[in-house]
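**Student:** What follows is query-v9.cif, mmCIF, C-alpha atoms.
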```cif
data_data
#
loop_
_atom_site.label_atom_id
_atom_site.label_comp_id
_atom_site.auth_asym_id
_atom_site.auth_seq_id
_atom_site.Cartn_x
_atom_site.Cartn_y
_atom_site.Cartn_z
CA MET A 1 -121.04 24.61 -147.95
CA PRO A 2 -117.33 24.36 -147.05
CA PHE A 3 -117.18 27.89 -145.58
CA LYS A 4 -120.12 27.45 -143.30
CA THR A 5 -118.23 26.33 -140.23
CA PRO A 6 -115.41 28.97 -140.29
CA ARG A 7 -117.95 31.71 -141.05
CA LYS A 8 -120.10 30.56 -138.22
CA LYS A 9 -117.06 30.49 -136.00
CA ILE A 10 -116.11 34.05 -136.98
CA PHE A 11 -119.69 35.17 -136.46
CA LEU A 12 -119.79 33.56 -133.04
CA ASN A 13 -116.46 35.11 -132.05
CA LEU A 14 -117.65 38.53 -133.19
CA LEU A 15 -120.91 38.06 -131.33
CA LEU A 16 -119.00 37.10 -128.21
CA LEU A 17 -116.71 40.11 -128.58
CA PHE A 18 -119.61 42.53 -129.02
CA SER A 19 -121.50 40.95 -126.14
CA GLY A 20 -118.43 41.34 -123.93
CA LEU A 21 -118.09 44.97 -124.97
CA ALA A 22 -121.80 45.57 -124.35
CA VAL A 23 -121.48 44.06 -120.86
CA LEU A 24 -118.49 46.29 -120.09
CA VAL A 25 -120.40 49.34 -121.33
CA LEU A 26 -123.36 48.41 -119.15
CA ILE A 27 -121.15 47.94 -116.09
CA TYR A 28 -118.85 50.89 -116.39
CA ALA A 29 -120.42 53.54 -118.65
CA GLY A 30 -121.74 56.67 -116.97
CA LEU A 31 -119.87 56.34 -113.67
CA LYS A 32 -118.19 59.71 -114.04
CA GLY A 33 -121.52 61.50 -114.30
CA PRO A 34 -123.27 63.30 -111.47
CA SER A 35 -125.38 60.25 -110.62
CA ARG A 36 -122.38 57.95 -110.02
CA LEU A 37 -124.41 54.99 -111.19
CA SER A 38 -123.45 52.91 -114.17
CA LEU A 39 -125.67 52.71 -117.25
CA GLY A 40 -126.61 49.11 -116.47
CA GLU A 41 -127.49 49.89 -112.86
CA ARG A 42 -129.66 52.82 -113.95
CA ILE A 43 -131.54 50.63 -116.44
CA VAL A 44 -131.93 47.85 -113.89
CA LEU A 45 -133.13 50.24 -111.18
CA LYS A 46 -135.84 51.54 -113.49
CA GLY A 47 -137.20 48.03 -113.77
CA ALA A 48 -136.32 46.49 -110.41
CA GLY A 49 -137.09 49.60 -108.34
CA PRO A 50 -140.89 49.37 -108.61
CA VAL A 51 -140.74 45.59 -108.05
CA SER A 52 -138.70 46.09 -104.88
CA LYS A 53 -141.04 48.88 -103.83
CA SER A 54 -144.03 46.57 -104.12
CA ALA A 55 -142.18 43.93 -102.08
CA ALA A 56 -141.31 46.57 -99.47
CA LEU A 57 -144.92 47.72 -99.21
CA GLY A 58 -146.13 44.15 -98.97
CA GLY A 59 -143.54 43.16 -96.36
CA LEU A 60 -144.01 46.27 -94.23
CA GLY A 61 -147.78 46.01 -94.49
CA LEU A 62 -147.80 42.44 -93.33
CA ARG A 63 -145.32 43.21 -90.53
CA LYS A 64 -147.44 46.10 -89.27
CA PHE A 65 -150.58 43.98 -89.47
CA TRP A 66 -148.87 41.17 -87.56
CA GLN A 67 -147.39 43.46 -84.92
CA LYS A 68 -150.37 45.69 -84.33
CA TYR A 69 -153.37 43.46 -84.77
CA LEU A 70 -152.37 39.90 -84.30
CA PHE A 71 -149.46 39.88 -81.92
CA LEU A 72 -149.97 41.50 -78.50
CA VAL A 73 -152.08 44.36 -79.70
CA GLY A 74 -151.75 46.72 -76.73
CA VAL A 75 -148.24 45.93 -75.52
CA GLU A 76 -146.61 46.15 -78.89
CA GLU A 77 -148.24 49.49 -79.65
CA GLU A 78 -147.26 50.91 -76.28
CA ASN A 79 -143.70 49.66 -76.69
CA GLU A 80 -143.48 51.30 -80.07
CA LYS A 81 -144.76 54.58 -78.68
CA LEU A 82 -142.27 54.43 -75.81
CA ARG A 83 -139.43 53.63 -78.17
CA GLN A 84 -140.38 56.59 -80.33
CA LYS A 85 -140.60 58.76 -77.24
CA VAL A 86 -137.15 57.66 -76.06
CA SER A 87 -135.76 58.25 -79.50
CA TYR A 88 -137.34 61.68 -79.57
CA LEU A 89 -136.09 62.55 -76.08
CA GLU A 90 -132.57 61.40 -76.93
CA ALA A 91 -132.55 63.57 -79.99
CA GLU A 92 -133.94 66.49 -78.03
CA LEU A 93 -131.44 65.93 -75.24
CA ALA A 94 -128.58 65.79 -77.71
CA ARG A 95 -129.70 69.06 -79.22
CA ALA A 96 -130.30 70.72 -75.86
CA LYS A 97 -126.91 69.64 -74.54
CA GLU A 98 -125.31 70.88 -77.71
CA ALA A 99 -126.85 74.31 -77.20
CA PHE A 100 -125.83 74.25 -73.53
CA TYR A 101 -122.19 73.49 -74.32
CA GLU A 102 -122.13 76.14 -76.99
CA ASN A 103 -123.39 78.72 -74.50
CA GLN A 104 -120.92 77.54 -71.91
CA ARG A 105 -118.00 78.15 -74.23
CA LEU A 106 -119.37 81.66 -74.83
CA ARG A 107 -119.61 81.50 -78.52
CA LYS A 108 -120.92 84.99 -78.89
CA LEU A 109 -120.06 85.11 -82.52
CA LEU A 110 -122.93 82.81 -83.17
CA ARG A 111 -125.70 85.41 -83.50
CA VAL A 112 -128.46 83.23 -84.66
CA ALA A 113 -128.92 79.78 -83.26
CA ARG A 114 -128.13 77.42 -86.03
CA ASP A 115 -130.96 75.19 -86.85
CA LEU A 116 -129.33 71.85 -87.42
CA HIS A 117 -132.01 70.67 -89.72
CA GLY A 118 -132.70 73.99 -91.35
CA GLN A 119 -132.08 72.81 -94.87
CA THR A 120 -135.13 71.77 -96.82
CA PRO A 121 -135.44 68.07 -96.12
CA VAL A 122 -136.91 65.54 -98.51
CA VAL A 123 -138.82 62.63 -97.05
CA ALA A 124 -138.10 59.34 -98.79
CA HIS A 125 -139.22 55.76 -98.28
CA VAL A 126 -136.83 52.86 -98.05
CA VAL A 127 -137.68 50.59 -100.96
CA GLY A 128 -134.69 48.29 -101.20
CA LYS A 129 -132.38 46.43 -98.89
CA PRO A 130 -129.07 44.76 -99.76
CA LEU A 131 -129.38 41.54 -101.73
CA GLY A 132 -127.04 38.95 -100.27
CA SER A 133 -124.23 41.24 -99.24
CA TRP A 134 -122.57 42.50 -96.10
CA GLN A 135 -122.46 46.02 -97.50
CA GLY A 136 -124.63 48.57 -95.69
CA LEU A 137 -126.68 50.06 -98.49
CA ILE A 138 -130.34 50.88 -98.87
CA LEU A 139 -132.38 52.16 -101.77
CA ILE A 140 -134.76 55.10 -101.35
CA ASP A 141 -137.55 56.21 -103.66
CA LYS A 142 -136.33 59.76 -104.29
CA GLY A 143 -133.60 60.73 -106.71
CA LEU A 144 -132.47 63.37 -109.17
CA ASP A 145 -136.06 64.45 -109.80
CA ASP A 146 -136.24 65.57 -106.16
CA ASN A 147 -132.87 67.35 -106.31
CA ILE A 148 -131.06 64.62 -104.43
CA LEU A 149 -127.37 64.38 -105.23
CA PRO A 150 -124.50 62.19 -104.06
CA GLU A 151 -122.95 63.07 -100.65
CA MET A 152 -126.17 64.47 -99.19
CA PRO A 153 -126.74 63.52 -95.52
CA VAL A 154 -129.56 61.14 -94.69
CA LEU A 155 -131.31 61.17 -91.31
CA ALA A 156 -133.86 58.89 -89.75
CA TYR A 157 -137.36 60.19 -89.54
CA THR A 158 -139.71 59.85 -86.58
CA PRO A 159 -143.11 61.51 -86.11
CA TYR A 160 -141.35 64.14 -83.99
CA GLY A 161 -138.49 64.96 -86.31
CA PRO A 162 -135.10 63.68 -87.31
CA ALA A 163 -133.52 61.48 -84.66
CA GLY A 164 -130.12 60.61 -85.96
CA VAL A 165 -127.75 60.01 -88.83
CA VAL A 166 -128.55 57.14 -91.18
CA GLY A 167 -125.79 57.68 -93.71
CA GLN A 168 -125.22 59.54 -96.93
CA VAL A 169 -126.30 59.34 -100.55
CA VAL A 170 -123.69 57.69 -102.75
CA ALA A 171 -125.41 57.36 -106.11
CA VAL A 172 -128.63 58.56 -107.69
CA GLU A 173 -130.95 57.67 -110.50
CA ARG A 174 -133.93 59.83 -111.58
CA ARG A 175 -136.32 58.28 -109.10
CA TYR A 176 -134.07 56.31 -106.78
CA ALA A 177 -130.99 56.91 -104.68
CA LYS A 178 -128.51 54.59 -103.05
CA VAL A 179 -127.69 55.41 -99.43
CA LEU A 180 -124.54 54.23 -97.70
CA LEU A 181 -125.36 53.38 -94.09
CA LEU A 182 -123.44 54.51 -91.06
CA THR A 183 -122.49 50.90 -90.35
CA ASP A 184 -120.81 50.21 -93.71
CA PRO A 185 -117.02 49.87 -93.45
CA SER A 186 -116.60 52.49 -96.20
CA PHE A 187 -118.49 55.11 -94.19
CA ALA A 188 -116.64 57.64 -92.03
CA VAL A 189 -117.74 60.85 -90.34
CA ASP A 190 -115.99 63.36 -88.11
CA ALA A 191 -117.49 62.97 -84.64
CA LEU A 192 -117.45 64.37 -81.11
CA VAL A 193 -118.09 62.82 -77.73
CA GLN A 194 -120.83 65.18 -76.64
CA ARG A 195 -119.98 65.35 -72.94
CA SER A 196 -116.20 65.74 -73.11
CA ARG A 197 -115.85 67.23 -76.65
CA GLU A 198 -113.23 64.61 -77.54
CA ARG A 199 -112.92 64.32 -81.29
CA GLY A 200 -112.61 61.17 -83.40
CA LEU A 201 -113.51 59.51 -86.64
CA LEU A 202 -116.61 57.33 -86.58
CA ARG A 203 -116.34 54.42 -89.01
CA GLY A 204 -118.72 51.61 -89.85
CA GLN A 205 -117.72 48.12 -88.81
CA GLY A 206 -120.31 45.97 -90.49
CA LYS A 207 -123.49 44.78 -88.90
CA GLU A 208 -125.06 47.27 -86.48
CA LEU A 209 -121.76 48.57 -85.13
CA CYS A 210 -119.40 51.52 -85.55
CA LEU A 211 -115.97 52.32 -84.23
CA LEU A 212 -114.88 55.71 -82.94
CA ASP A 213 -111.27 55.80 -83.97
CA TYR A 214 -108.33 58.17 -83.46
CA VAL A 215 -109.41 59.04 -79.93
CA SER A 216 -106.44 59.52 -77.63
CA ALA A 217 -105.88 56.75 -75.07
CA GLU A 218 -106.08 59.41 -72.33
CA ALA A 219 -109.34 60.91 -73.61
CA ASP A 220 -112.30 61.26 -71.28
CA VAL A 221 -114.82 58.83 -72.73
CA ARG A 222 -117.30 56.74 -70.77
CA GLU A 223 -119.80 54.09 -71.62
CA ASN A 224 -123.20 55.48 -72.67
CA ASP A 225 -121.66 58.78 -73.80
CA LEU A 226 -123.49 60.19 -76.80
CA ILE A 227 -121.58 60.66 -80.03
CA VAL A 228 -122.60 63.54 -82.30
CA THR A 229 -121.38 64.92 -85.61
CA SER A 230 -118.70 67.59 -85.35
CA GLY A 231 -119.65 69.38 -88.56
CA LEU A 232 -116.00 69.59 -89.56
CA ASP A 233 -116.34 67.27 -92.53
CA GLY A 234 -118.51 69.82 -94.33
CA ILE A 235 -121.22 67.26 -95.10
CA PHE A 236 -123.13 66.66 -91.87
CA PRO A 237 -124.42 69.61 -89.84
CA LYS A 238 -123.00 69.82 -86.35
CA GLY A 239 -124.65 68.08 -83.39
CA LEU A 240 -126.57 65.32 -85.13
CA LEU A 241 -126.89 62.21 -83.04
CA LEU A 242 -124.74 59.33 -84.29
CA GLY A 243 -124.88 56.80 -81.51
CA ARG A 244 -123.94 55.75 -78.02
CA VAL A 245 -120.68 54.35 -76.62
CA VAL A 246 -121.13 50.66 -75.77
CA LYS A 247 -117.58 49.44 -75.27
CA ILE A 248 -114.21 51.04 -74.63
CA TYR A 249 -111.16 48.93 -75.37
CA PRO A 250 -108.69 49.15 -72.50
CA GLY A 251 -105.22 50.62 -72.96
CA ARG A 252 -103.51 51.69 -76.14
CA THR A 253 -104.94 49.00 -78.36
CA ARG A 254 -103.99 50.89 -81.52
CA GLY A 255 -100.78 52.72 -80.79
CA LEU A 256 -101.61 56.13 -79.38
CA PHE A 257 -105.33 55.61 -79.75
CA ARG A 258 -108.05 53.73 -78.00
CA PRO A 259 -110.82 52.33 -80.19
CA ILE A 260 -114.36 52.79 -78.93
CA GLU A 261 -117.37 50.78 -80.03
CA VAL A 262 -120.48 52.79 -80.81
CA LYS A 263 -124.00 51.52 -81.33
CA PRO A 264 -125.84 53.64 -83.92
CA ALA A 265 -128.81 55.66 -82.66
CA VAL A 266 -130.92 54.54 -85.58
CA ASP A 267 -132.31 51.03 -85.76
CA PHE A 268 -131.50 50.09 -89.35
CA GLN A 269 -133.61 46.95 -89.25
CA LYS A 270 -136.77 48.99 -88.76
CA LEU A 271 -135.94 51.83 -91.07
CA GLU A 272 -138.94 52.77 -93.18
CA GLU A 273 -138.64 56.48 -93.91
CA VAL A 274 -135.65 58.77 -94.04
CA LEU A 275 -134.97 62.47 -94.42
CA VAL A 276 -132.47 63.65 -96.99
CA LEU A 277 -130.94 67.06 -96.32
CA LEU A 278 -130.49 68.98 -99.56
CA ARG A 279 -127.01 70.04 -98.69
CA VAL A 280 -123.84 69.49 -100.68
CA ARG A 281 -120.22 70.09 -99.85
CA LEU A 282 -118.73 72.95 -101.86
CA LYS A 283 -115.52 71.98 -103.60
CA MET B 1 -139.70 28.91 -124.73
CA LYS B 2 -141.79 27.66 -121.81
CA LYS B 3 -138.65 26.74 -119.88
CA ASP B 4 -137.11 30.16 -120.55
CA LEU B 5 -140.24 31.83 -119.27
CA ILE B 6 -140.40 29.69 -116.13
CA PHE B 7 -136.73 30.32 -115.41
CA GLY B 8 -137.04 34.10 -115.85
CA LEU B 9 -140.20 34.18 -113.79
CA SER B 10 -138.55 32.14 -111.02
CA LEU B 11 -135.72 34.68 -110.81
CA PHE B 12 -138.28 37.48 -110.60
CA VAL B 13 -140.16 35.65 -107.81
CA ILE B 14 -136.90 34.98 -105.92
CA PHE B 15 -136.02 38.69 -106.06
CA TRP B 16 -139.49 39.77 -104.96
CA PHE B 17 -139.64 37.30 -102.06
CA TYR B 18 -136.12 38.10 -100.87
CA GLN B 19 -137.00 41.80 -100.60
CA TRP B 20 -140.42 41.04 -99.17
CA LEU B 21 -138.90 38.92 -96.41
CA SER B 22 -136.24 41.61 -95.73
CA PHE B 23 -138.95 44.18 -95.14
CA LEU B 24 -140.88 41.70 -93.09
CA GLY B 25 -137.87 41.71 -90.76
CA LEU B 26 -136.35 38.39 -91.83
CA HIS B 27 -132.98 39.13 -93.33
CA PHE B 28 -131.06 36.17 -94.68
CA SER B 29 -127.34 36.23 -95.37
CA PHE B 30 -127.20 34.39 -98.66
CA ASP B 31 -126.99 34.98 -102.36
CA PRO B 32 -130.49 34.29 -103.69
CA PHE B 33 -129.65 34.20 -107.39
CA PHE B 34 -126.39 32.34 -107.92
CA PRO B 35 -127.39 28.76 -106.99
CA PHE B 36 -130.48 29.10 -109.14
CA LEU B 37 -128.46 30.43 -112.08
CA LEU B 38 -126.05 27.56 -111.58
CA GLY B 39 -128.85 25.06 -111.82
CA GLY B 40 -130.21 26.91 -114.84
CA MET B 41 -127.17 25.79 -116.79
CA PHE B 42 -128.81 22.37 -117.00
CA TRP B 43 -132.19 23.64 -118.08
CA ARG B 44 -130.98 23.86 -121.69
CA LEU B 45 -132.21 27.42 -122.13
CA HIS B 46 -131.38 29.64 -125.10
CA LEU B 47 -127.76 30.57 -124.50
CA LEU B 48 -128.13 34.29 -125.16
CA LEU B 49 -131.20 34.55 -122.97
CA TYR B 50 -129.49 32.63 -120.18
CA LEU B 51 -126.44 34.90 -120.35
CA PHE B 52 -128.71 37.93 -120.44
CA LEU B 53 -130.51 36.74 -117.30
CA VAL B 54 -127.16 36.19 -115.57
CA LEU B 55 -126.17 39.73 -116.50
CA ILE B 56 -129.46 41.17 -115.25
CA CYS B 57 -129.22 39.28 -111.95
CA GLY B 58 -125.65 40.51 -111.45
CA LEU B 59 -126.66 44.07 -112.23
CA VAL B 60 -129.63 43.89 -109.86
CA VAL B 61 -127.44 42.64 -107.01
CA ASP B 62 -124.87 45.35 -107.74
CA ALA B 63 -127.51 48.07 -108.01
CA PHE B 64 -129.05 47.10 -104.68
CA SER B 65 -126.07 46.13 -102.61
CA SER B 66 -122.70 47.11 -103.95
CA LEU B 67 -120.78 50.31 -103.64
CA VAL B 68 -118.74 49.54 -106.73
CA PRO B 69 -120.22 48.43 -110.05
CA GLY B 70 -119.70 45.09 -111.68
CA VAL B 71 -118.42 42.94 -108.82
CA THR B 72 -121.37 40.57 -108.90
CA VAL B 73 -121.57 40.47 -112.69
CA ILE B 74 -117.88 39.54 -112.94
CA ALA B 75 -118.12 37.01 -110.09
CA TYR B 76 -121.20 35.35 -111.64
CA PHE B 77 -119.69 35.03 -115.10
CA VAL B 78 -116.32 33.76 -113.85
CA SER B 79 -117.92 31.21 -111.52
CA LEU B 80 -120.42 30.00 -114.11
CA PHE B 81 -117.61 29.61 -116.63
CA ILE B 82 -115.68 27.49 -114.12
CA PHE B 83 -118.75 25.41 -113.35
CA TYR B 84 -119.25 24.93 -117.09
CA GLN B 85 -115.69 23.61 -117.31
CA PHE B 86 -116.45 21.22 -114.44
CA ALA B 87 -119.55 20.00 -116.21
CA LYS B 88 -117.81 19.72 -119.57
CA LYS B 89 -114.41 18.33 -118.68
CA LEU B 90 -115.23 16.28 -115.62
CA ALA B 91 -118.76 15.56 -116.85
CA LEU B 92 -119.88 15.63 -113.21
CA LYS B 93 -119.60 11.87 -113.01
CA GLY B 94 -122.19 10.97 -110.44
CA PHE B 95 -123.53 12.61 -107.36
CA PHE B 96 -120.33 13.21 -105.42
CA PRO B 97 -118.32 15.05 -108.14
CA ALA B 98 -121.43 17.12 -108.90
CA LEU B 99 -121.76 18.01 -105.23
CA ILE B 100 -118.08 18.93 -104.92
CA SER B 101 -118.20 21.13 -108.02
CA LEU B 102 -121.37 22.80 -106.70
CA ILE B 103 -119.68 23.53 -103.37
CA PHE B 104 -116.47 24.72 -105.05
CA THR B 105 -118.29 27.04 -107.45
CA ILE B 106 -120.55 28.59 -104.83
CA VAL B 107 -117.67 29.19 -102.41
CA LEU B 108 -115.55 30.64 -105.23
CA CYS B 109 -118.37 32.94 -106.36
CA GLU B 110 -119.05 34.25 -102.86
CA ILE B 111 -115.36 34.82 -102.13
CA LEU B 112 -114.96 36.69 -105.41
CA ARG B 113 -118.13 38.74 -104.91
CA LEU B 114 -117.83 39.60 -101.25
CA TRP B 115 -114.13 39.60 -100.54
CA PHE B 116 -111.71 39.50 -103.47
CA LEU B 117 -113.33 41.92 -105.93
CA PRO B 118 -114.24 44.51 -103.25
CA LEU B 119 -110.57 44.38 -102.22
CA VAL B 120 -109.49 44.88 -105.83
CA PHE B 121 -111.77 47.92 -105.99
CA GLU B 122 -110.25 49.14 -102.70
CA LEU B 123 -113.42 48.90 -100.65
CA SER B 124 -113.13 48.74 -96.88
CA LEU B 125 -114.06 45.35 -95.51
CA PRO B 126 -115.77 44.77 -92.17
CA VAL B 127 -113.58 43.76 -89.24
CA TYR B 128 -114.63 40.13 -89.27
CA SER B 129 -114.78 39.86 -93.04
CA PHE B 130 -113.92 36.14 -93.02
CA TYR B 131 -116.82 35.52 -90.68
CA PHE B 132 -119.19 37.44 -92.96
CA VAL B 133 -117.96 35.71 -96.13
CA GLY B 134 -118.01 32.30 -94.41
CA LYS B 135 -121.57 32.86 -93.27
CA PHE B 136 -122.68 33.88 -96.77
CA CYS B 137 -120.93 30.83 -98.29
CA LEU B 138 -122.60 28.49 -95.81
CA PHE B 139 -126.11 29.87 -96.24
CA THR B 140 -125.76 30.11 -100.03
CA LEU B 141 -124.71 26.46 -100.01
CA PHE B 142 -127.83 25.56 -98.03
CA TRP B 143 -129.91 27.50 -100.54
CA GLY B 144 -127.99 25.75 -103.31
CA PHE B 145 -128.87 22.36 -101.86
CA LEU B 146 -132.50 23.43 -101.58
CA CYS B 147 -132.52 24.57 -105.20
CA TRP B 148 -130.87 21.36 -106.16
CA SER B 149 -133.19 19.13 -104.24
CA PHE B 150 -136.55 20.76 -104.65
CA CYS B 151 -136.56 23.41 -107.33
CA GLN B 152 -134.36 21.96 -110.01
CA VAL B 153 -135.35 18.38 -110.56
CA SER B 154 -134.08 18.71 -114.12
CA PHE B 155 -130.64 19.56 -112.79
CA MET B 156 -130.54 16.30 -110.84
CA LYS B 157 -131.90 14.42 -113.82
CA ASP B 158 -129.37 15.92 -116.18
CA VAL B 159 -126.47 15.28 -113.85
CA PHE B 160 -127.40 11.62 -113.63
CA GLN B 161 -128.10 11.46 -117.35
CA ILE B 162 -124.60 12.70 -117.99
CA SER B 163 -123.17 10.17 -115.59
CA ILE B 164 -125.14 7.34 -117.21
CA LYS B 165 -124.01 8.40 -120.68
CA GLU B 166 -120.40 8.66 -119.58
CA ASN B 167 -120.47 5.29 -117.91
#
```
Let's see the structure in the file written out as structure tokens.
**Tutor:**
Amino acid sequence: MPFKTPRKKIFLNLLLLFSGLAVLVLIYAGLKGPSRLSLGERIVLKGAGPVSKSAALGGLGLRKFWQKYLFLVGVEEENEKLRQKVSYLEAELARAKEAFYENQRLRKLLRVARDLHGQTPVVAHVVGKPLGSWQGLILIDKGLDDNILPEMPVLAYTPYGPAGVVGQVVAVERRYAKVLLLTDPSFAVDALVQRSRERGLLRGQGKELCLLDYVSAEADVRENDLIVTSGLDGIFPKGLLLGRVVKIYPGRTRGLFRPIEVKPAVDFQKLEEVLVLLRVRLK
Amino acid sequence: MKKDLIFGLSLFVIFWFYQWLSFLGLHFSFDPFFPFLLGGMFWRLHLLLYLFLVLICGLVVDAFSSLVPGVTVIAYFVSLFIFYQFAKKLALKGFFPALISLIFTIVLCEILRLWFLPLVFELSLPVYSFYFVGKFCLFTLFWGFLCWSFCQVSFMKDVFQISIKEN
């Protein structure tokens, strides 16, 4: 069989070529669609989603069991309740202050008090965390089937109601959605210092930290000031709690501006459930 | 067939445990799949199945933790190809060359995956991106050594077999 080797070679080359093409199709096909997930990612999520969900349920179950029954039964429970209470009070305070400032500026045109969370929210469970990456992404168990679309705002859920901004949906599959966290460097939201109404752009900085940028060096900002959404980006409703100022860099560190470090209001390590607001920006 | 099944199952278990530990509150900054895939090169699996598993692992990592598609898949394939060249051309003569090529490949893969390719796709990097990438490289290396020492006895065996044959 003199032609066996060249034929085999051609066959192998063709196989390699088709495999390469198939890989490219899996990686990049379907990105322009409304889901913004590639074909490969959608297929993989269908299979890996339930597996990750089972791991999430197992991990959370064991953690709850450990925290509530085995490790300092009373203290841990009380701490958790107090933390929830503080979180609730902070959210309430942010909302109350927001209403107070609005009244103070005599916004009479506002006839009906705008309910910040008036849109129909969808409750979703966190079922996936980043796999070996610094990127701030989580996977939730609601997707296109529940009318979730990219760009929708995601808030943290407590027994008392939404406490603060978690991030926004970036890609969806039928039953799952990928959420970009507030702390990811690609995330940015128009923000206000609640007390002084100074405006800036809140950007993620990586692990558990954000930076309020483009705030004038002369702006009135103090440590522990609350940062809320301004509503000017058209995605997040106004007045949602983003975080608290933890550090103000002295002087004009960045030209005319003074960067301000902000700690997010939501504890991303303990995130179990989130609320997705069914709200999209009109283009 | 048995080896293929064990390898695939191991990847599944690694994925499940990584997520399980994350939700338990123990988050580790390392790449759980790559060192294992690297070792898998010496398991003499069916080539197409092995490549398919590499693709699936890359897609899973991208689906769960990347804002842009394909960065992990590309990084895995490029790094594995380079490691294959190390194994083929240098024949990993003995423990030290094998160790150096392991370190080189893991560092290369993590830099590609976490720094270079996100930059190519114009993603914003965190402020201390070198710190983050360095940390991931270091912990992935530790995991690589663990895989090497405990999980992949055949890898060790094959490396030394190659060195014996070569010598």
**Student:** Would you list the residues near (-125.8, 29.3, -111.5), meaning any protein, DNA or RNA residue with an atom at most 9 Å from that point in file coordinates, counting all atoms listed in the file, as a ChimeraX atom specification?
**Tutor:** /B:33-41,54,76,79-80,83,105-106
**Student:** Select, as a VMD selection string, those residues of chain A with any atom no more than 7 Å from chain B (distances computed using all atoms listed in the file).
**Tutor:** chain A and resid 27 to 28 38 40 to 41 44 to 45 51 to 52 55 to 56 58 to 60 62 to 63 128 to 135 137 139 185 to 186 205 to 206 269
**Student:** Select, from A:Leu181, A:Val245, A:Glu92, A:Leu277, the residue with the minimum atom-to-atom distance to Asp146 of chain A, counting only C-alpha atoms.
**Tutor:** A:Leu277
**Student:** To one decimal place, how far is atom CA of Lys64 of chain A from atom CA of Asp267 of chain A in Å?
**Tutor:**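 One can read the atom CA of Lys64 of chain A to atom CA of Asp267 of chain A distance as 16.3 Å.
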**Student:** Expressed in Å to a single decimal, how great is the separation between atom CA of Gly49 of chain A and atom CA of Phe65 of chain A?
**Tutor:**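 One can read the atom CA of Gly49 of chain A to atom CA of Phe65 of chain A distance as 23.9 Å.
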**Student:** Can you work out the spacing between atom CA of Arg44 of chain B and atom CA of Leu108 of chain B in Å, to one decimal?
**Tutor:**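 Value for the atom CA of Arg44 of chain B-atom CA of Leu108 of chain B distance: 23.6 Å.
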**Student:** Which residues are close to segment 99-101 of chain B, i.e. within 10 Å by only C-alpha atoms, leaving aside same-chain residues fewer than 6 positions away? Reply as a PyMOL selection string.
**Tutor:** chain B and resi 82-87+90+92+107+145+148
**Student:** Only C-alpha atoms, please: the residues just picked out, written as a CSV table (one decimal), in the frame of the given file.
**Tutor:**
```csv
chain,number,residue,atom,x,y,z
B,82,ILE,CA,-115.7,27.5,-114.1
B,83,PHE,CA,-118.8,25.4,-113.4
B,84,TYR,CA,-119.2,24.9,-117.1
B,85,GLN,CA,-115.7,23.6,-117.3
B,86,PHE,CA,-116.4,21.2,-114.4
B,87,ALA,CA,-119.6,20.0,-116.2
B,90,LEU,CA,-115.2,16.3,-115.6
B,92,LEU,CA,-119.9,15.6,-113.2
B,107,VAL,CA,-117.7,29.2,-102.4
B,145,PHE,CA,-128.9,22.4,-101.9
B,148,TRP,CA,-130.9,21.4,-106.2
```
**Student:** Mind working out the centre and edge lengths of an axis-aligned box for segment 87-103 of chain A, all listed atoms inside, 6 Å added to each side, rounded to one decimal in Å and written as lines of an AutoDock Vina configuration file?
**Tutor:**
```
center_x = -129.7
center_y = 68.5
center_z = -76.8
size_x = 27.2
size_y = 32.5
size_z = 18.5
```
**Student:** Might you spell out which residues the PyMOL selection byres ((chain A and resi 274-276) around 7) would select in the displayed file, as a ChimeraX atom specification?
**Tutor:** /A:121-125,152-157,272-273,277-278
**Student:** From the set B:Cys109, B:Met1, B:Trp143, B:Leu138, which residue has the shortest atom-to-atom contact distance to Leu49 of chain B, counting only C-alpha atoms?
**Tutor:**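 Smallest distance to Leu49 of chain B is found for B:Met1.
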**Student:** Residues within 10 Å of Arg197 of chain A, please, as number ranges by chain. Count only C-alpha atoms; anything in the same chain fewer than 5 positions from it doesn't count.
**Tutor:** A: 101, 191-192, 219-221, 227-228, 230
**Student:** Would you pick out the contacts of Leu45 of chain B at 10 Å or less, using only C-alpha atoms, so that residues sharing its chain but fewer than 6 positions from it are not included, and give the list as an MDAnalysis selection string?
**Tutor:** chainID B and resid 1:5 7 51
**Student:** Counting all atoms listed in the file, which of A:Ile148, A:Val126, A:Ala265, A:Leu226 gets nearest to Thr183 of chain A?
**Tutor:**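 Among the listed residues, the smallest separation from Thr183 of chain A belongs to A:Ala265.
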**Student:** Please list as a ChimeraX atom specification every residue within 10 Å of Glu223 of chain A, counting all atoms listed in the file and excluding residues in the same chain fewer than 5 positions away.
**Tutor:** /A:244-248,260-262
**Student:** Suppose a student applies the PyMOL selection byres ((chain A and resi 87) around 9) to this structure; what residues should they get, written as a tab-separated table (two decimals) with C-alpha atoms, in the frame of the given file?
**Tutor:**
```tsv
chain	number	residue	atom	x	y	z
A	82	LEU	CA	-142.27	54.43	-75.81
A	83	ARG	CA	-139.43	53.63	-78.17
A	84	GLN	CA	-140.38	56.59	-80.33
A	85	LYS	CA	-140.60	58.76	-77.24
A	86	VAL	CA	-137.15	57.66	-76.06
A	88	TYR	CA	-137.34	61.68	-79.57
A	89	LEU	CA	-136.09	62.55	-76.08
A	90	GLU	CA	-132.57	61.40	-76.93
A	91	ALA	CA	-132.55	63.57	-79.99
A	92	GLU	CA	-133.94	66.49	-78.03
A	158	THR	CA	-139.71	59.85	-86.58
A	163	ALA	CA	-133.52	61.48	-84.66
A	164	GLY	CA	-130.12	60.61	-85.96
A	265	ALA	CA	-128.81	55.66	-82.66
A	266	VAL	CA	-130.92	54.54	-85.58
```
